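Enquirer: Here it is, the structure, as structure tokens.
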Amino acid sequence: MNCTERELEFISSRTDEVTLPADRTLIKQGAPGEAFYIILDGEAEVDVDGKPRRILKAGDFFGEISMLDRGAGTATVVTKTPVRLMVMSHSQFRDAIKADDSILVKVLQVMGHRLRSDLSARGV
């Protein structure tokens with residue numbers, strides 16, 4: 001995401017930090033999205049339609065699409081290793097992007113890149 005130090009401080013003041021074991025499903029494709037996640041340590045795997053798409057590592061985030069449109073998850077995300085995460089509820093996420101336009105722009109840029117990549121992988 002390449003946030004500035006100020007942006008990271010801002011985000012961390014609005015999140016909860018959690019530690020989870022490997023093999024924990026955080027988002028399920030087709031299920032309602034419950035949270036926005038930023039990985040602090042560890043790795044998570046993203047699958048779309050049962051096919052691996054990418055590995056997320058420290059500094060990566062996910063869950064943004066459901067937070068923006070309140071829709072179902074567009075991918076399944078499962079922890080590959082134990083992870084430490086910053087987690088935002090929908091209201092925390094909404095307040096953060098309303099308060100800082102630069103964070104919203106970064107989230108939208110990454111989201112656009114991921115959607116294009118997934119469409120390309122599907123042959124669309």
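Simple scheme: letters A, B, ... for chains in structure tokens order, numbers from 1 for residues in each chain, numbers from 1 for ligands in the order shown.
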Taking 3 positions as the minimum chain separation for residues in the same chain, which residues sit within 12 Å of Glu34 of chain A when counting only C-alpha atoms? Answer as a PDB file with N, CA, C and O atoms, in the first residue's frame.
Expert:
```pdb
ATOM      1  N   LEU A  26     -10.346 -15.896   6.537  1.00  0.00           N
ATOM      2  CA  LEU A  26     -10.677 -14.536   6.949  1.00  0.00           C
ATOM      3  C   LEU A  26     -11.805 -13.956   6.112  1.00  0.00           C
ATOM      4  O   LEU A  26     -12.621 -13.193   6.619  1.00  0.00           O
ATOM      5  N   ILE A  27     -11.817 -14.274   4.841  1.00  0.00           N
ATOM      6  CA  ILE A  27     -12.872 -13.839   3.927  1.00  0.00           C
ATOM      7  C   ILE A  27     -13.240 -15.039   3.072  1.00  0.00           C
ATOM      8  O   ILE A  27     -12.364 -15.766   2.607  1.00  0.00           O
ATOM      9  N   LYS A  28     -14.527 -15.233   2.860  1.00  0.00           N
ATOM     10  CA  LYS A  28     -14.991 -16.322   1.996  1.00  0.00           C
ATOM     11  C   LYS A  28     -15.700 -15.714   0.796  1.00  0.00           C
ATOM     12  O   LYS A  28     -16.614 -14.898   0.963  1.00  0.00           O
ATOM     13  N   GLN A  29     -15.279 -16.115  -0.392  1.00  0.00           N
ATOM     14  CA  GLN A  29     -15.898 -15.620  -1.622  1.00  0.00           C
ATOM     15  C   GLN A  29     -17.398 -15.893  -1.586  1.00  0.00           C
ATOM     16  O   GLN A  29     -17.830 -16.995  -1.278  1.00  0.00           O
ATOM     17  N   GLY A  30     -18.176 -14.862  -1.856  1.00  0.00           N
ATOM     18  CA  GLY A  30     -19.628 -14.995  -1.880  1.00  0.00           C
ATOM     19  C   GLY A  30     -20.312 -14.708  -0.549  1.00  0.00           C
ATOM     20  O   GLY A  30     -21.521 -14.530  -0.504  1.00  0.00           O
ATOM     21  N   ALA A  31     -19.542 -14.674   0.529  1.00  0.00           N
ATOM     22  CA  ALA A  31     -20.116 -14.390   1.854  1.00  0.00           C
ATOM     23  C   ALA A  31     -19.991 -12.893   2.144  1.00  0.00           C
ATOM     24  O   ALA A  31     -19.114 -12.222   1.601  1.00  0.00           O
ATOM     25  N   TYR A  37      -8.606  -5.696   6.390  1.00  0.00           N
ATOM     26  CA  TYR A  37      -7.437  -6.234   7.066  1.00  0.00           C
ATOM     27  C   TYR A  37      -6.154  -5.657   6.476  1.00  0.00           C
ATOM     28  O   TYR A  37      -6.051  -5.499   5.260  1.00  0.00           O
ATOM     29  N   PHE A  62      -6.516  -6.267   2.449  1.00  0.00           N
ATOM     30  CA  PHE A  62      -7.594  -6.921   1.706  1.00  0.00           C
ATOM     31  C   PHE A  62      -8.908  -6.691   2.426  1.00  0.00           C
ATOM     32  O   PHE A  62      -8.943  -6.264   3.571  1.00  0.00           O
ATOM     33  N   GLY A  63     -10.008  -6.960   1.703  1.00  0.00           N
ATOM     34  CA  GLY A  63     -11.344  -6.740   2.249  1.00  0.00           C
ATOM     35  C   GLY A  63     -11.926  -5.407   1.840  1.00  0.00           C
ATOM     36  O   GLY A  63     -13.050  -5.065   2.203  1.00  0.00           O
ATOM     37  N   GLU A  64     -11.168  -4.649   1.044  1.00  0.00           N
ATOM     38  CA  GLU A  64     -11.585  -3.291   0.691  1.00  0.00           C
ATOM     39  C   GLU A  64     -12.837  -3.242  -0.169  1.00  0.00           C
ATOM     40  O   GLU A  64     -13.647  -2.326  -0.032  1.00  0.00           O
ATOM     41  N   ILE A  65     -13.020  -4.214  -1.048  1.00  0.00           N
ATOM     42  CA  ILE A  65     -14.165  -4.168  -1.960  1.00  0.00           C
ATOM     43  C   ILE A  65     -15.472  -4.251  -1.161  1.00  0.00           C
ATOM     44  O   ILE A  65     -16.375  -3.442  -1.350  1.00  0.00           O
ATOM     45  N   SER A  66     -15.542  -5.196  -0.248  1.00  0.00           N
ATOM     46  CA  SER A  66     -16.751  -5.333   0.572  1.00  0.00           C
ATOM     47  C   SER A  66     -16.965  -4.132   1.482  1.00  0.00           C
ATOM     48  O   SER A  66     -18.100  -3.772   1.784  1.00  0.00           O
ATOM     49  N   MET A  67     -15.879  -3.525   1.909  1.00  0.00           N
ATOM     50  CA  MET A  67     -16.018  -2.339   2.754  1.00  0.00           C
ATOM     51  C   MET A  67     -16.557  -1.160   1.945  1.00  0.00           C
ATOM     52  O   MET A  67     -17.324  -0.352   2.458  1.00  0.00           O
ATOM     53  N   LEU A  68     -16.186  -1.077   0.676  1.00  0.00           N
ATOM     54  CA  LEU A  68     -16.640   0.034  -0.154  1.00  0.00           C
ATOM     55  C   LEU A  68     -18.076  -0.132  -0.624  1.00  0.00           C
ATOM     56  O   LEU A  68     -18.827   0.831  -0.665  1.00  0.00           O
ATOM     57  N   ASP A  69     -18.460  -1.374  -0.982  1.00  0.00           N
ATOM     58  CA  ASP A  69     -19.808  -1.544  -1.551  1.00  0.00           C
ATOM     59  C   ASP A  69     -20.754  -2.361  -0.678  1.00  0.00           C
ATOM     60  O   ASP A  69     -21.902  -2.572  -1.041  1.00  0.00           O
ATOM     61  N   ARG A  70     -20.263  -2.831   0.472  1.00  0.00           N
ATOM     62  CA  ARG A  70     -21.074  -3.640   1.405  1.00  0.00           C
ATOM     63  C   ARG A  70     -21.555  -4.934   0.767  1.00  0.00           C
ATOM     64  O   ARG A  70     -22.520  -5.550   1.232  1.00  0.00           O
ATOM     65  N   GLY A  71     -20.881  -5.367  -0.296  1.00  0.00           N
ATOM     66  CA  GLY A  71     -21.244  -6.596  -0.990  1.00  0.00           C
ATOM     67  C   GLY A  71     -20.485  -7.802  -0.464  1.00  0.00           C
ATOM     68  O   GLY A  71     -19.722  -7.724   0.502  1.00  0.00           O
ATOM     69  N   ALA A  72     -20.706  -8.916  -1.142  1.00  0.00           N
ATOM     70  CA  ALA A  72     -20.066 -10.178  -0.777  1.00  0.00           C
ATOM     71  C   ALA A  72     -18.591 -10.170  -1.155  1.00  0.00           C
ATOM     72  O   ALA A  72     -18.163  -9.421  -2.044  1.00  0.00           O
ATOM     73  N   GLY A  73     -17.821 -11.017  -0.486  1.00  0.00           N
ATOM     74  CA  GLY A  73     -16.401 -11.152  -0.778  1.00  0.00           C
ATOM     75  C   GLY A  73     -16.183 -11.621  -2.211  1.00  0.00           C
ATOM     76  O   GLY A  73     -16.890 -12.502  -2.695  1.00  0.00           O
ATOM     77  N   VAL A  87      -7.225  -4.847  11.998  1.00  0.00           N
ATOM     78  CA  VAL A  87      -8.562  -5.139  11.503  1.00  0.00           C
ATOM     79  C   VAL A  87      -9.463  -3.938  11.750  1.00  0.00           C
ATOM     80  O   VAL A  87      -9.476  -3.383  12.851  1.00  0.00           O
ATOM     81  N   MET A  88     -10.207  -3.559  10.692  1.00  0.00           N
ATOM     82  CA  MET A  88     -11.159  -2.451  10.808  1.00  0.00           C
ATOM     83  C   MET A  88     -12.558  -2.960  10.493  1.00  0.00           C
ATOM     84  O   MET A  88     -12.751  -3.658   9.502  1.00  0.00           O
ATOM     85  N   SER A  89     -13.508  -2.557  11.299  1.00  0.00           N
ATOM     86  CA  SER A  89     -14.912  -2.808  10.982  1.00  0.00           C
ATOM     87  C   SER A  89     -15.319  -1.873   9.848  1.00  0.00           C
ATOM     88  O   SER A  89     -14.574  -0.955   9.483  1.00  0.00           O
ATOM     89  N   HIS A  90     -16.515  -2.078   9.339  1.00  0.00           N
ATOM     90  CA  HIS A  90     -16.992  -1.201   8.264  1.00  0.00           C
ATOM     91  C   HIS A  90     -17.034   0.253   8.732  1.00  0.00           C
ATOM     92  O   HIS A  90     -16.614   1.159   8.015  1.00  0.00           O
ATOM     93  N   SER A  91     -17.526   0.496   9.918  1.00  0.00           N
ATOM     94  CA  SER A  91     -17.623   1.883  10.386  1.00  0.00           C
ATOM     95  C   SER A  91     -16.239   2.496  10.590  1.00  0.00           C
ATOM     96  O   SER A  91     -16.020   3.667  10.267  1.00  0.00           O
ATOM     97  N   GLN A  92     -15.275   1.734  11.098  1.00  0.00           N
ATOM     98  CA  GLN A  92     -13.908   2.239  11.249  1.00  0.00           C
ATOM     99  C   GLN A  92     -13.296   2.557   9.881  1.00  0.00           C
ATOM    100  O   GLN A  92     -12.656   3.588   9.705  1.00  0.00           O
ATOM    101  N   PHE A  93     -13.511   1.652   8.918  1.00  0.00           N
ATOM    102  CA  PHE A  93     -12.988   1.853   7.565  1.00  0.00           C
ATOM    103  C   PHE A  93     -13.609   3.096   6.936  1.00  0.00           C
ATOM    104  O   PHE A  93     -12.914   3.947   6.389  1.00  0.00           O
TER     105      PHE A  93
END
```
Enquirer: DSSP on the backbone, then: every residue of segment 67-116 of chain A marked strand (DSSP E), written as a list in words.
Expert: Thr76, Val77, Val78, Thr79, Val83, Arg84, Leu85, Met86, Val87 and Met88 of chain A
Enquirer: Output N, CA and C atoms of each residue in that selection to a file, as a PDB file, in the first residue's frame.
Expert:
```pdb
ATOM      1  N   THR A  76     -11.585 -15.638  -1.610  1.00  0.00           N
ATOM      2  CA  THR A  76     -11.401 -16.288  -0.317  1.00  0.00           C
ATOM      3  C   THR A  76      -9.975 -16.006   0.119  1.00  0.00           C
ATOM      4  N   VAL A  77      -9.802 -15.607   1.369  1.00  0.00           N
ATOM      5  CA  VAL A  77      -8.471 -15.325   1.909  1.00  0.00           C
ATOM      6  C   VAL A  77      -8.270 -16.188   3.142  1.00  0.00           C
ATOM      7  N   VAL A  78      -7.195 -16.987   3.112  1.00  0.00           N
ATOM      8  CA  VAL A  78      -6.880 -17.919   4.201  1.00  0.00           C
ATOM      9  C   VAL A  78      -5.445 -17.679   4.651  1.00  0.00           C
ATOM     10  N   THR A  79      -5.227 -17.654   5.953  1.00  0.00           N
ATOM     11  CA  THR A  79      -3.869 -17.477   6.454  1.00  0.00           C
ATOM     12  C   THR A  79      -3.022 -18.693   6.109  1.00  0.00           C
ATOM     13  N   VAL A  83      -0.529 -15.106  11.584  1.00  0.00           N
ATOM     14  CA  VAL A  83      -0.511 -13.716  11.134  1.00  0.00           C
ATOM     15  C   VAL A  83      -0.833 -12.768  12.276  1.00  0.00           C
ATOM     16  N   ARG A  84      -0.301 -11.567  12.134  1.00  0.00           N
ATOM     17  CA  ARG A  84      -0.676 -10.454  13.001  1.00  0.00           C
ATOM     18  C   ARG A  84      -1.290  -9.428  12.076  1.00  0.00           C
ATOM     19  N   LEU A  85      -2.504  -8.992  12.396  1.00  0.00           N
ATOM     20  CA  LEU A  85      -3.291  -8.137  11.512  1.00  0.00           C
ATOM     21  C   LEU A  85      -3.814  -6.905  12.228  1.00  0.00           C
ATOM     22  N   MET A  86      -3.976  -5.830  11.460  1.00  0.00           N
ATOM     23  CA  MET A  86      -4.805  -4.715  11.910  1.00  0.00           C
ATOM     24  C   MET A  86      -6.156  -4.952  11.243  1.00  0.00           C
ATOM     25  N   VAL A  87      -7.225  -4.847  11.998  1.00  0.00           N
ATOM     26  CA  VAL A  87      -8.562  -5.139  11.503  1.00  0.00           C
ATOM     27  C   VAL A  87      -9.463  -3.938  11.750  1.00  0.00           C
ATOM     28  N   MET A  88     -10.207  -3.559  10.692  1.00  0.00           N
ATOM     29  CA  MET A  88     -11.159  -2.451  10.808  1.00  0.00           C
ATOM     30  C   MET A  88     -12.558  -2.960  10.493  1.00  0.00           C
TER      31      MET A  88
END
```
Enquirer: May I have the residues within 10 Å of Met111 of chain A as a ChimeraX atom specification, using only C-alpha atoms and disregarding those fewer than 2 positions away in the same chain?
Expert: /A:61-65,105-109,113-117
Enquirer: If I take atom CA of Glu45 of chain A and atom CA of Ala121 of chain A, how far is one from the other in Å, to one decimal?
Expert: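 Going from atom CA of Glu45 of chain A over to atom CA of Ala121 of chain A covers 15.9 Å.
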Enquirer: How far is it from atom CA of Ser102 of chain A to atom CA of Gly33 of chain A, in Å with one decimal?
Expert: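 Atom-to-atom, atom CA of Ser102 of chain A and atom CA of Gly33 of chain A are spaced 22.9 Å apart.
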Enquirer: Tell me which of A:Leu104, A:Arg6, A:Thr81, A:Phe36 sits closest to Lys57 of chain A, counting only C-alpha atoms.
Expert: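 Of all the options, A:Thr81 lies closest to Lys57 of chain A.
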Enquirer: What are the DSSP helix (DSSP H, G or I) residues of chain A, as a ChimeraX atom specification?
Expert: /A:5-12,64-69,90-99,101-122
Enquirer: Counting only C-alpha atoms, figure out which residue out of A:Val48, A:Ala22, A:Ile38, A:Ile11 gets nearest to Leu119 of chain A.
Expert: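 That would be A:Val48, the residue with the smallest distance to Leu119 of chain A.
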